[in-house]
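See below for query.tsv, which holds TSV, C-alpha atoms.
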```
chain	number	residue	atom	x	y	z
A	3	MET	CA	-1.08	13.11	44.44
A	4	ALA	CA	1.85	15.39	43.55
A	5	ILE	CA	4.02	13.94	46.33
A	6	LEU	CA	3.03	10.40	45.30
A	7	ASN	CA	4.02	11.12	41.68
A	8	TYR	CA	7.31	12.61	42.88
A	9	TYR	CA	8.34	9.47	44.76
A	10	LEU	CA	7.01	7.19	42.04
A	11	ILE	CA	9.24	8.87	39.44
A	12	ILE	CA	12.28	8.50	41.71
A	13	VAL	CA	11.51	4.81	42.20
A	14	ILE	CA	11.16	4.32	38.43
A	15	PHE	CA	14.52	5.98	37.80
A	16	LEU	CA	16.23	3.95	40.54
A	17	LEU	CA	14.78	0.52	39.74
A	18	THR	CA	14.56	0.52	35.94
A	19	PRO	CA	18.34	-0.03	35.52
A	20	ALA	CA	18.08	-3.18	37.67
A	21	GLY	CA	15.43	-4.56	35.32
A	22	VAL	CA	17.49	-3.64	32.25
A	23	ILE	CA	20.61	-5.31	33.72
A	24	TRP	CA	18.57	-8.47	34.38
A	25	LEU	CA	17.21	-8.47	30.83
A	26	CYS	CA	20.69	-7.95	29.36
A	27	ARG	CA	22.02	-10.95	31.28
A	28	ARG	CA	19.07	-13.05	30.16
A	29	PHE	CA	18.99	-12.11	26.47
A	30	PRO	CA	22.30	-12.02	24.52
A	31	LEU	CA	20.97	-9.59	21.91
A	32	LEU	CA	20.16	-6.99	24.57
A	33	ASP	CA	23.54	-7.62	26.18
A	34	LYS	CA	25.22	-6.70	22.88
A	35	ILE	CA	23.30	-3.42	22.78
A	36	GLY	CA	24.29	-2.77	26.40
A	37	PRO	CA	22.40	-1.37	29.40
A	38	ILE	CA	23.39	2.24	28.79
A	39	MET	CA	22.07	2.40	25.24
A	40	ILE	CA	18.81	0.71	26.31
A	41	LEU	CA	18.41	3.06	29.27
A	42	TYR	CA	19.00	6.04	26.98
A	43	ALA	CA	16.15	4.88	24.75
A	44	VAL	CA	13.87	4.12	27.72
A	45	GLY	CA	14.66	7.51	29.26
A	46	MET	CA	13.88	9.42	26.09
A	47	ILE	CA	10.56	7.61	25.74
A	48	PHE	CA	9.69	8.13	29.40
A	49	GLY	CA	10.55	11.84	29.34
A	50	ASN	CA	8.50	12.54	26.20
A	51	MET	CA	5.32	10.66	27.11
A	52	PRO	CA	2.32	12.99	26.80
A	53	PHE	CA	1.14	12.04	30.28
A	54	ALA	CA	4.52	12.53	31.99
A	55	PRO	CA	3.85	14.28	35.32
A	56	GLU	CA	5.11	17.80	35.98
A	57	GLU	CA	7.05	16.52	39.01
A	58	ILE	CA	9.65	15.01	36.68
A	59	ALA	CA	11.34	18.38	36.01
A	60	PRO	CA	12.84	19.01	39.49
A	61	ILE	CA	13.91	15.37	39.70
A	62	GLN	CA	15.70	15.67	36.36
A	63	GLU	CA	17.53	18.71	37.69
A	64	ILE	CA	18.52	17.27	41.08
A	65	MET	CA	19.36	13.62	40.40
A	66	PRO	CA	22.29	14.12	37.98
A	67	ASN	CA	23.86	16.58	40.43
A	68	VAL	CA	23.65	13.93	43.16
A	69	LEU	CA	24.54	10.80	41.19
A	70	ILE	CA	27.76	11.95	39.51
A	71	PRO	CA	29.58	13.23	42.63
A	72	LEU	CA	28.81	9.89	44.28
A	73	ALA	CA	29.76	7.75	41.28
A	74	ILE	CA	33.15	9.29	40.47
A	75	PRO	CA	34.95	8.45	43.76
A	76	MET	CA	33.35	4.98	43.91
A	77	MET	CA	34.64	4.10	40.46
A	78	LEU	CA	38.12	5.34	41.34
A	79	PHE	CA	38.60	3.38	44.56
A	80	GLY	CA	39.79	0.20	42.87
A	81	CYS	CA	41.86	1.77	40.09
A	82	SER	CA	45.65	1.63	39.80
A	83	PHE	CA	47.54	4.79	38.89
A	84	SER	CA	51.02	5.72	37.76
A	85	SER	CA	52.97	8.90	37.08
A	86	LYS	CA	53.70	7.40	33.67
A	87	ASP	CA	50.15	8.44	32.63
A	88	ALA	CA	51.07	12.17	32.52
A	89	PRO	CA	52.50	12.13	28.95
A	90	LEU	CA	49.36	10.32	27.76
A	91	GLN	CA	47.21	13.01	29.38
A	92	LEU	CA	49.15	15.75	27.61
A	93	ARG	CA	48.76	14.06	24.23
A	94	VAL	CA	45.00	13.52	24.46
A	95	VAL	CA	44.37	17.07	25.73
A	96	SER	CA	46.42	18.74	22.99
A	97	SER	CA	44.85	16.51	20.33
A	98	GLY	CA	41.34	17.16	21.63
A	99	PHE	CA	41.69	20.93	21.69
A	100	ILE	CA	43.20	21.07	18.20
A	101	SER	CA	40.47	18.77	16.87
A	102	VAL	CA	37.58	20.84	18.24
A	103	VAL	CA	39.02	24.15	17.01
A	104	VAL	CA	39.65	22.81	13.49
A	105	ALA	CA	36.19	21.19	13.34
A	106	VAL	CA	34.45	24.38	14.51
A	107	VAL	CA	36.30	26.49	11.92
A	108	VAL	CA	35.40	24.06	9.12
A	109	GLY	CA	31.77	23.90	10.31
A	110	TYR	CA	31.62	27.69	10.39
A	111	LEU	CA	32.96	28.06	6.85
A	112	LEU	CA	30.43	25.52	5.53
A	113	PHE	CA	27.31	26.38	7.55
A	114	GLY	CA	27.96	28.60	10.56
A	115	CYS	CA	28.62	31.71	8.48
A	116	LYS	CA	24.99	31.47	7.31
A	117	VAL	CA	23.67	31.54	10.88
A	118	LYS	CA	22.88	34.77	12.71
A	119	GLU	CA	25.64	35.45	15.27
A	120	GLY	CA	27.46	32.42	13.84
A	121	ALA	CA	30.88	33.51	15.15
A	122	GLU	CA	29.57	33.85	18.69
A	123	ILE	CA	27.77	30.50	18.42
A	124	GLY	CA	31.05	29.00	17.21
A	125	GLY	CA	32.74	30.34	20.34
A	126	ILE	CA	30.00	28.92	22.55
A	127	ILE	CA	30.13	25.44	21.05
A	128	THR	CA	33.94	25.50	21.23
A	129	GLY	CA	33.64	26.01	24.98
A	130	MET	CA	30.84	23.43	25.14
A	131	TYR	CA	32.82	20.78	23.22
A	132	THR	CA	36.07	21.28	25.13
A	133	GLY	CA	34.50	21.81	28.55
A	134	GLY	CA	30.76	21.48	29.01
A	135	THR	CA	27.44	23.25	29.47
A	136	LEU	CA	29.01	25.25	32.30
A	137	ASN	CA	31.43	26.82	29.82
A	138	ALA	CA	28.68	27.33	27.24
A	139	ALA	CA	26.59	29.25	29.79
A	140	ALA	CA	29.55	31.44	30.71
A	141	LEU	CA	30.29	32.19	27.05
A	142	GLN	CA	26.64	32.99	26.43
A	143	ALA	CA	26.90	35.67	29.10
A	144	ILE	CA	30.14	36.96	27.57
A	145	PHE	CA	28.71	37.19	24.03
A	146	ARG	CA	25.22	38.23	25.23
A	147	ILE	CA	23.43	35.67	23.07
A	148	ASN	CA	19.67	35.78	23.75
A	149	SER	CA	18.20	33.00	25.87
A	150	GLU	CA	16.06	31.58	23.02
A	151	GLN	CA	19.16	31.04	20.90
A	152	PHE	CA	20.97	29.42	23.82
A	153	ILE	CA	18.02	27.06	24.44
A	154	LEU	CA	18.15	26.11	20.75
A	155	ILE	CA	21.89	25.36	21.03
A	156	ASN	CA	21.24	23.05	23.98
A	157	SER	CA	18.28	21.37	22.25
A	158	TYR	CA	20.35	20.57	19.17
A	159	ASP	CA	23.17	19.39	21.40
A	160	ILE	CA	20.84	16.78	22.92
A	161	ILE	CA	20.09	15.31	19.47
A	162	ILE	CA	23.73	15.38	18.35
A	163	SER	CA	24.98	13.91	21.63
A	164	PHE	CA	22.46	11.09	21.35
A	165	LEU	CA	23.65	10.28	17.82
A	166	TYR	CA	27.25	10.52	19.03
A	167	PHE	CA	26.57	7.95	21.76
A	168	VAL	CA	24.61	5.72	19.38
A	169	PHE	CA	27.68	5.66	17.13
A	170	LEU	CA	30.15	5.02	19.97
A	171	PHE	CA	28.10	2.34	21.73
A	172	GLY	CA	26.90	0.76	18.50
A	173	ILE	CA	30.10	0.43	16.45
A	174	GLY	CA	32.47	3.26	17.38
A	175	ILE	CA	34.36	1.71	20.28
A	176	ARG	CA	34.87	-1.59	18.47
A	177	LEU	CA	35.69	0.22	15.22
A	178	PHE	CA	38.41	2.38	16.79
A	179	ARG	CA	39.92	-0.59	18.60
A	180	TRP	CA	40.05	-2.44	15.30
A	181	LEU	CA	41.48	0.54	13.38
A	182	TYR	CA	44.12	1.04	16.08
A	183	GLY	CA	45.04	-2.65	15.82
A	184	GLU	CA	44.14	-3.44	19.44
A	185	LYS	CA	42.74	-6.75	20.71
A	186	ARG	CA	40.66	-7.67	23.73
A	187	PHE	CA	43.64	-9.30	25.47
A	188	ALA	CA	41.73	-9.94	28.67
A	189	GLU	CA	39.82	-12.75	26.96
A	190	LYS	CA	42.99	-14.51	25.78
A	191	MET	CA	45.67	-14.00	28.42
A	192	THR	CA	46.21	-12.70	31.91
A	193	GLN	CA	47.02	-9.07	32.50
A	194	SER	CA	50.62	-9.90	33.45
A	195	GLU	CA	51.10	-11.69	30.13
A	196	ALA	CA	49.67	-8.90	27.99
A	197	PRO	CA	51.96	-6.22	26.51
A	198	ALA	CA	52.19	-3.15	28.75
A	199	THR	CA	51.34	-0.82	25.86
A	200	GLU	CA	47.92	-2.37	25.35
A	201	VAL	CA	44.74	-1.62	27.23
A	202	GLN	CA	43.37	-4.65	29.04
A	203	PRO	CA	39.67	-4.15	29.77
A	204	THR	CA	38.41	-6.14	32.73
A	205	VAL	CA	35.94	-8.77	31.56
A	206	ILE	CA	33.47	-9.70	34.27
A	207	LYS	CA	31.16	-12.66	33.67
A	208	GLU	CA	29.59	-13.01	37.11
A	209	ASN	CA	26.86	-10.74	38.40
A	210	PRO	CA	28.72	-8.31	40.70
A	211	TYR	CA	25.50	-7.14	42.36
A	212	LYS	CA	24.76	-10.51	43.98
A	213	LYS	CA	27.35	-9.81	46.65
A	214	LEU	CA	25.38	-6.75	47.80
A	215	CYS	CA	22.57	-9.08	48.91
A	216	THR	CA	24.85	-10.74	51.49
A	217	LYS	CA	25.75	-9.51	54.96
A	218	ALA	CA	29.36	-8.90	53.93
A	219	GLY	CA	28.20	-7.01	50.87
A	220	ALA	CA	25.85	-4.81	52.92
A	221	ILE	CA	28.69	-3.96	55.33
A	222	GLN	CA	30.97	-3.12	52.42
A	223	LEU	CA	28.26	-0.95	50.85
A	224	GLY	CA	28.02	1.01	54.09
A	225	LYS	CA	31.78	1.61	54.07
A	226	ILE	CA	31.65	2.68	50.43
A	227	LEU	CA	28.87	5.19	51.10
A	228	LEU	CA	30.55	6.66	54.18
A	229	THR	CA	33.89	7.07	52.40
A	230	THR	CA	32.25	8.56	49.32
A	231	LEU	CA	30.09	10.99	51.31
A	232	ALA	CA	33.18	12.17	53.20
A	233	ILE	CA	34.97	12.87	49.91
A	234	VAL	CA	31.95	14.68	48.48
A	235	ALA	CA	31.58	16.79	51.64
A	236	ILE	CA	35.24	17.82	51.66
A	237	SER	CA	35.24	18.59	47.94
A	238	ALA	CA	32.04	20.65	48.10
A	239	GLY	CA	33.19	22.47	51.24
A	240	VAL	CA	36.44	23.60	49.64
A	241	ALA	CA	34.78	24.46	46.31
A	242	LEU	CA	32.20	26.65	48.06
A	243	LEU	CA	35.00	28.85	49.39
A	244	LEU	CA	35.86	29.92	45.84
A	245	PRO	CA	33.97	32.14	43.35
A	246	GLU	CA	30.84	30.54	41.90
A	247	GLN	CA	32.26	30.23	38.37
A	248	TRP	CA	35.03	28.00	39.71
A	249	PHE	CA	32.83	25.75	41.82
A	250	MET	CA	32.30	22.94	39.29
A	251	VAL	CA	35.93	22.89	38.13
A	252	VAL	CA	37.28	22.67	41.69
A	253	PHE	CA	34.56	20.28	42.83
A	254	ILE	CA	35.21	17.73	40.06
A	255	LEU	CA	38.97	18.18	40.45
A	256	LEU	CA	38.84	17.48	44.19
A	257	LEU	CA	36.47	14.53	43.76
A	258	THR	CA	38.91	13.01	41.31
A	259	THR	CA	42.00	13.79	43.37
A	260	LEU	CA	40.59	12.46	46.64
A	261	GLY	CA	39.21	9.40	44.85
A	262	VAL	CA	42.65	8.67	43.41
A	263	LEU	CA	44.37	9.24	46.77
A	264	SER	CA	41.86	6.94	48.47
A	265	SER	CA	42.74	4.15	46.05
A	266	PHE	CA	46.22	4.02	47.63
A	267	ILE	CA	44.68	3.17	51.01
A	268	ARG	CA	44.50	-0.60	51.19
A	269	PRO	CA	41.13	-0.92	53.04
A	270	VAL	CA	39.53	1.38	50.46
A	271	ARG	CA	41.12	-0.41	47.52
A	272	GLU	CA	39.75	-3.71	48.86
A	273	LEU	CA	36.15	-2.45	48.57
A	274	ASP	CA	35.74	-4.56	45.46
A	275	VAL	CA	32.09	-3.73	44.73
A	276	ALA	CA	32.64	0.04	44.80
A	277	TYR	CA	33.16	0.24	41.04
A	278	ASP	CA	29.95	-1.69	40.35
A	279	VAL	CA	27.92	0.44	42.79
A	280	GLY	CA	29.23	3.55	41.04
A	281	MET	CA	28.40	1.99	37.68
A	282	TYR	CA	24.81	1.42	38.78
A	283	LEU	CA	24.54	5.12	39.63
A	284	ILE	CA	25.78	5.84	36.11
A	285	TYR	CA	23.03	3.63	34.71
A	286	VAL	CA	20.47	5.70	36.65
A	287	PHE	CA	22.16	8.89	35.46
A	288	SER	CA	21.94	7.71	31.83
A	289	MET	CA	18.18	7.24	32.05
A	290	VAL	CA	17.61	10.57	33.83
A	291	ILE	CA	19.72	12.53	31.34
A	292	ALA	CA	17.99	10.91	28.37
A	293	SER	CA	14.57	11.75	29.82
A	294	MET	CA	15.47	15.45	29.61
A	295	ALA	CA	15.36	15.43	25.80
A	296	ASP	CA	12.30	17.51	24.89
A	297	PHE	CA	11.64	16.98	21.19
A	298	SER	CA	8.55	19.19	21.20
A	299	ASN	CA	10.70	22.35	21.38
A	300	LEU	CA	13.01	21.53	18.48
A	301	ASP	CA	12.92	23.64	15.32
A	302	LEU	CA	14.76	21.39	12.88
A	303	ARG	CA	13.52	23.14	9.74
A	304	GLY	CA	14.28	26.68	10.89
A	305	GLY	CA	17.73	25.89	12.30
A	306	VAL	CA	19.11	23.42	9.75
A	307	TYR	CA	22.35	25.39	9.25
A	308	GLN	CA	22.97	25.65	12.96
A	309	LEU	CA	22.26	21.95	13.43
A	310	ALA	CA	24.68	21.11	10.59
A	311	PHE	CA	27.28	23.47	12.10
A	312	MET	CA	27.14	21.71	15.47
A	313	THR	CA	27.02	18.23	13.92
A	314	ILE	CA	30.24	18.88	12.02
A	315	ALA	CA	31.85	20.29	15.15
A	316	VAL	CA	31.17	17.02	17.01
A	317	PHE	CA	31.79	14.32	14.42
A	318	LEU	CA	34.64	15.99	12.54
A	319	SER	CA	36.41	16.69	15.83
A	320	LEU	CA	36.04	13.01	16.72
A	321	ALA	CA	37.57	11.98	13.38
A	322	ILE	CA	40.48	14.44	13.66
A	323	HIS	CA	41.06	13.45	17.28
A	324	ALA	CA	41.19	9.78	16.25
A	325	ILE	CA	43.78	10.51	13.55
A	326	LEU	CA	45.97	12.69	15.79
A	327	CYS	CA	45.85	10.22	18.68
A	328	ARG	CA	46.82	7.39	16.34
A	329	LEU	CA	49.79	9.43	15.10
A	330	MET	CA	50.78	10.16	18.71
A	331	LYS	CA	50.49	6.47	19.63
A	332	VAL	CA	47.58	6.93	22.02
A	333	ASP	CA	45.49	3.79	22.60
A	334	ALA	CA	41.93	3.63	21.25
A	335	ASP	CA	40.14	3.67	24.62
A	336	SER	CA	42.06	6.75	25.81
A	337	MET	CA	41.18	8.49	22.55
A	338	VAL	CA	37.48	7.66	22.89
A	339	ILE	CA	37.19	8.57	26.56
A	340	SER	CA	38.98	11.91	26.10
A	341	SER	CA	36.69	12.73	23.17
A	342	VAL	CA	33.69	12.04	25.41
A	343	ALA	CA	35.19	14.23	28.14
A	344	PHE	CA	35.49	17.14	25.71
A	345	ILE	CA	32.26	16.70	23.76
A	346	ASN	CA	30.02	15.76	26.71
A	347	SER	CA	32.00	16.88	29.80
A	348	PRO	CA	33.39	14.80	32.73
A	349	PRO	CA	30.03	13.64	34.18
A	350	PHE	CA	29.55	11.44	31.09
A	351	VAL	CA	32.99	9.84	31.34
A	352	PRO	CA	32.05	7.08	33.82
A	353	MET	CA	29.11	6.10	31.62
A	354	VAL	CA	31.40	5.40	28.65
A	355	VAL	CA	34.02	3.76	30.87
A	356	ALA	CA	31.29	1.31	31.87
A	357	ALA	CA	30.37	0.71	28.22
A	358	MET	CA	34.03	0.10	27.31
A	359	ASN	CA	34.51	-2.13	30.37
A	360	ASN	CA	37.89	-0.46	30.92
A	361	LYS	CA	38.11	1.33	34.26
A	362	ARG	CA	41.77	2.20	33.64
A	363	SER	CA	40.59	4.91	31.24
A	364	LEU	CA	38.53	6.69	33.91
A	365	VAL	CA	41.26	9.02	35.15
A	366	THR	CA	42.36	9.84	31.59
A	367	GLY	CA	38.84	10.97	30.76
A	368	LEU	CA	38.26	12.90	33.97
A	369	GLY	CA	41.64	14.61	33.67
A	370	ALA	CA	40.96	15.69	30.10
A	371	GLY	CA	37.53	16.99	31.07
A	372	ILE	CA	38.88	19.03	33.98
A	373	VAL	CA	41.42	20.72	31.71
A	374	GLY	CA	38.54	21.43	29.33
A	375	TYR	CA	36.51	23.01	32.13
A	376	ALA	CA	39.46	25.23	33.06
A	377	LEU	CA	40.39	26.38	29.55
A	378	GLY	CA	37.13	26.08	27.60
A	379	ASN	CA	36.05	29.69	28.18
A	380	HIS	CA	39.38	31.10	27.05
A	381	LEU	CA	39.43	28.93	23.95
A	382	GLY	CA	35.81	29.87	23.14
A	383	VAL	CA	36.58	33.58	23.21
A	384	LEU	CA	39.65	33.13	20.99
A	385	VAL	CA	37.73	31.02	18.45
A	386	ALA	CA	34.83	33.50	18.31
A	387	GLU	CA	37.32	36.28	17.56
A	388	LEU	CA	38.96	34.14	14.87
A	389	LEU	CA	35.62	33.30	13.22
A	390	SER	CA	34.53	36.93	13.20
A	391	ARG	CA	37.58	37.72	11.03
A	392	LEU	CA	36.97	34.95	8.47
```
Could you quickly redo this structure as structure tokens?
Amino acid sequence: MAILNYYLIIVIFLLTPAGVIWLCRRFPLLDKIGPIMILYAVGMIFGNMPFAPEEIAPIQEIMPNVLIPLAIPMMLFGCSFSSKDAPLQLRVVSSGFISVVVAVVVGYLLFGCKVKEGAEIGGIITGMYTGGTLNAAALQAIFRINSEQFILINSYDIIISFLYFVFLFGIGIRLFRWLYGEKRFAEKMTQSEAPATEVQPTVIKENPYKKLCTKAGAIQLGKILLTTLAIVAISAGVALLLPEQWFMVVFILLLTTLGVLSSFIRPVRELDVAYDVGMYLIYVFSMVIASMADFSNLDLRGGVYQLAFMTIAVFLSLAIHAILCRLMKVDADSMVISSVAFINSPPFVPMVVAAMNNKRSLVTGLGAGIVGYALGNHLGVLVAELLSRL
């Protein structure tokens, strides 16, 4: 029975996105909400059902670690890149780091100073919201925060991240595009006619997954999988040669680099369903990640100051980042995707790229997230020292 449950859960995770995509194409209201937001809700419900089998836990741990390394190269194969993007990368990274530090300091002065070990928690969430959980775990070891406190930090982060995504997917992306004065040019003119300074999201009306049901599509899928697996194998092999704490940074960096380099190879660039296959993996990832939210372990009443501290760190940093990026003439989508890279780490970047329907922002987000991975620990230590002196 245990083995049967194990495979049944995998099948549910793999096939549910297909059903959600079908429903979104059939019902305009669901299409406006978007597959990712729906899958987040479905995943949270599925993961918190009282009769959820115990076999779900190892699947929740393994699947995200498999899906993201496969999705990142696939979504990069068809992208176009230019050295002109480097100044943009520098602007979003500097803005993001400043925004998180300022937001954490403000949150600490308002609420964090009332929390036990508030300065150390401030350092941990600084690393978490400029890098990811990897950095938070490293900083926990540095500051020697007890495991119960660290679990609480991660539990609150799940709630805040969900609200953050609800805001972005609900009104945030459209709101920032409107505030930045940007239009959806792809609906009105061709890409060659649109101004070069604007972001032109690719609007796709046809169902891209139909092609996979044809012989040509099946052959292309095989090529996509072989190319992607080769990139993953090379990236993991090199990363394993380095110290364990550097594995994730180097692994993601190599995945991104080899995916970008592959896009310059014409046969790879012509794999036109690669982006959509990668996007489907992101849909599965969204449901799996959402199913990990365990609301039964949350202590909202006892940790209200800590929850408020972390909430301010996320949403105030987003607001400051939006203002700074606007002043530095960064486009709205690059601002949003870099914020996601910092607040939620690189694995969540493709998910938001799919929601924005703008694959050009993928490298900007991944690049920002990699810098966050590399520098998050250092910044967390510095912020914790600063907070301890306030």
Find the residues around Phe113 of chain A up to 8 Å (only C-alpha atoms counted), leave out those fewer than 5 positions away in its own chain, and share them as a VMD selection string. chain A and resid 307 to 308 310 to 311
Please, could you write that set of residues out with C-alpha atoms as a compact mmCIF listing (two decimals), in the coordinates of the input?
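Output contents, as saved in selection-v5.txt:
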```txt
# COMPACT_ATOMS: atom_id res chain seq x y z
CA TYR A 307 22.35 25.39 9.25
CA GLN A 308 22.97 25.65 12.96
CA ALA A 310 24.68 21.11 10.59
CA PHE A 311 27.28 23.47 12.10
```
In Å, how far is it from atom CA of Cys26 of chain A to atom CA of Ala357 of chain A?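 If I compute the distance from atom CA of Cys26 of chain A to atom CA of Ala357 of chain A, I get 13.0 Å.
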Quick one: pull the distance between atom CA of Leu90 of chain A and atom CA of Val234 of chain A, Å, one decimal. 27.4 Å
Hey, what's within 12 Å of Ala241 of chain A if we count only C-alpha atoms and toss same-chain stuff fewer than 5 positions away? As an NGL selection string, please? :A and (234-236 or 246-257)
Just write the chosen residues, C-alpha atoms, as a PDB file, in the frame of the given file.
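Here's the written file part-v2.pdb:
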```pdb
ATOM      1  CA  VAL A 234      31.950  14.680  48.480  1.00  0.00           C
ATOM      2  CA  ALA A 235      31.580  16.790  51.640  1.00  0.00           C
ATOM      3  CA  ILE A 236      35.240  17.820  51.660  1.00  0.00           C
ATOM      4  CA  GLU A 246      30.840  30.540  41.900  1.00  0.00           C
ATOM      5  CA  GLN A 247      32.260  30.230  38.370  1.00  0.00           C
ATOM      6  CA  TRP A 248      35.030  28.000  39.710  1.00  0.00           C
ATOM      7  CA  PHE A 249      32.830  25.750  41.820  1.00  0.00           C
ATOM      8  CA  MET A 250      32.300  22.940  39.290  1.00  0.00           C
ATOM      9  CA  VAL A 251      35.930  22.890  38.130  1.00  0.00           C
ATOM     10  CA  VAL A 252      37.280  22.670  41.690  1.00  0.00           C
ATOM     11  CA  PHE A 253      34.560  20.280  42.830  1.00  0.00           C
ATOM     12  CA  ILE A 254      35.210  17.730  40.060  1.00  0.00           C
ATOM     13  CA  LEU A 255      38.970  18.180  40.450  1.00  0.00           C
ATOM     14  CA  LEU A 256      38.840  17.480  44.190  1.00  0.00           C
ATOM     15  CA  LEU A 257      36.470  14.530  43.760  1.00  0.00           C
TER      16      LEU A 257
END
```
Quick one, how far is atom CA of Val306 of chain A from atom CA of Asn156 of chain A?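 Result for atom CA of Val306 of chain A versus atom CA of Asn156 of chain A: 14.4 Å, one decimal.
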Residues near Leu227 of chain A, cut-off 10 Å, only C-alpha atoms, skip fewer than 3 positions along chain, as a count of residues only: 11
Under the rule of at most 12 Å, produce a per-residue listing of segment 259-358 of chain A near segment 163-173 of chain A: chain, number, name, the closest pair of atoms, and the distance in Å, as a Markdown table, using only C-alpha atoms.
```
| residue | atom | partner | partner_atom | distance |
| --- | --- | --- | --- | --- |
| A:Ser288 | CA | A:Phe164 | CA | 11.0 |
| A:Ile291 | CA | A:Phe164 | CA | 10.5 |
| A:Ala292 | CA | A:Phe164 | CA | 8.3 |
| A:Ser293 | CA | A:Phe164 | CA | 11.6 |
| A:Met294 | CA | A:Phe164 | CA | 11.7 |
| A:Ala295 | CA | A:Phe164 | CA | 9.4 |
| A:Leu309 | CA | A:Ser163 | CA | 11.8 |
| A:Met312 | CA | A:Ser163 | CA | 10.2 |
| A:Thr313 | CA | A:Ser163 | CA | 9.1 |
| A:Ile314 | CA | A:Tyr166 | CA | 11.3 |
| A:Ala315 | CA | A:Ser163 | CA | 11.4 |
| A:Val316 | CA | A:Tyr166 | CA | 7.9 |
| A:Phe317 | CA | A:Tyr166 | CA | 7.5 |
| A:Leu318 | CA | A:Tyr166 | CA | 11.3 |
| A:Ser319 | CA | A:Tyr166 | CA | 11.5 |
| A:Leu320 | CA | A:Tyr166 | CA | 9.4 |
| A:Ala321 | CA | A:Tyr166 | CA | 11.9 |
| A:Ala334 | CA | A:Leu170 | CA | 11.9 |
| A:Asp335 | CA | A:Leu170 | CA | 11.1 |
| A:Met337 | CA | A:Leu170 | CA | 11.8 |
| A:Val338 | CA | A:Leu170 | CA | 8.3 |
| A:Ile339 | CA | A:Leu170 | CA | 10.3 |
| A:Ser341 | CA | A:Tyr166 | CA | 10.5 |
| A:Val342 | CA | A:Phe167 | CA | 9.0 |
| A:Phe344 | CA | A:Ser163 | CA | 11.7 |
| A:Ile345 | CA | A:Ser163 | CA | 8.1 |
| A:Asn346 | CA | A:Ser163 | CA | 7.4 |
| A:Ser347 | CA | A:Ser163 | CA | 11.2 |
| A:Phe350 | CA | A:Phe167 | CA | 10.4 |
| A:Val351 | CA | A:Phe167 | CA | 11.7 |
| A:Met353 | CA | A:Phe167 | CA | 10.3 |
| A:Val354 | CA | A:Phe171 | CA | 8.3 |
| A:Val355 | CA | A:Phe171 | CA | 11.0 |
| A:Ala356 | CA | A:Phe171 | CA | 10.7 |
| A:Ala357 | CA | A:Phe171 | CA | 7.1 |
| A:Met358 | CA | A:Phe171 | CA | 8.4 |
```
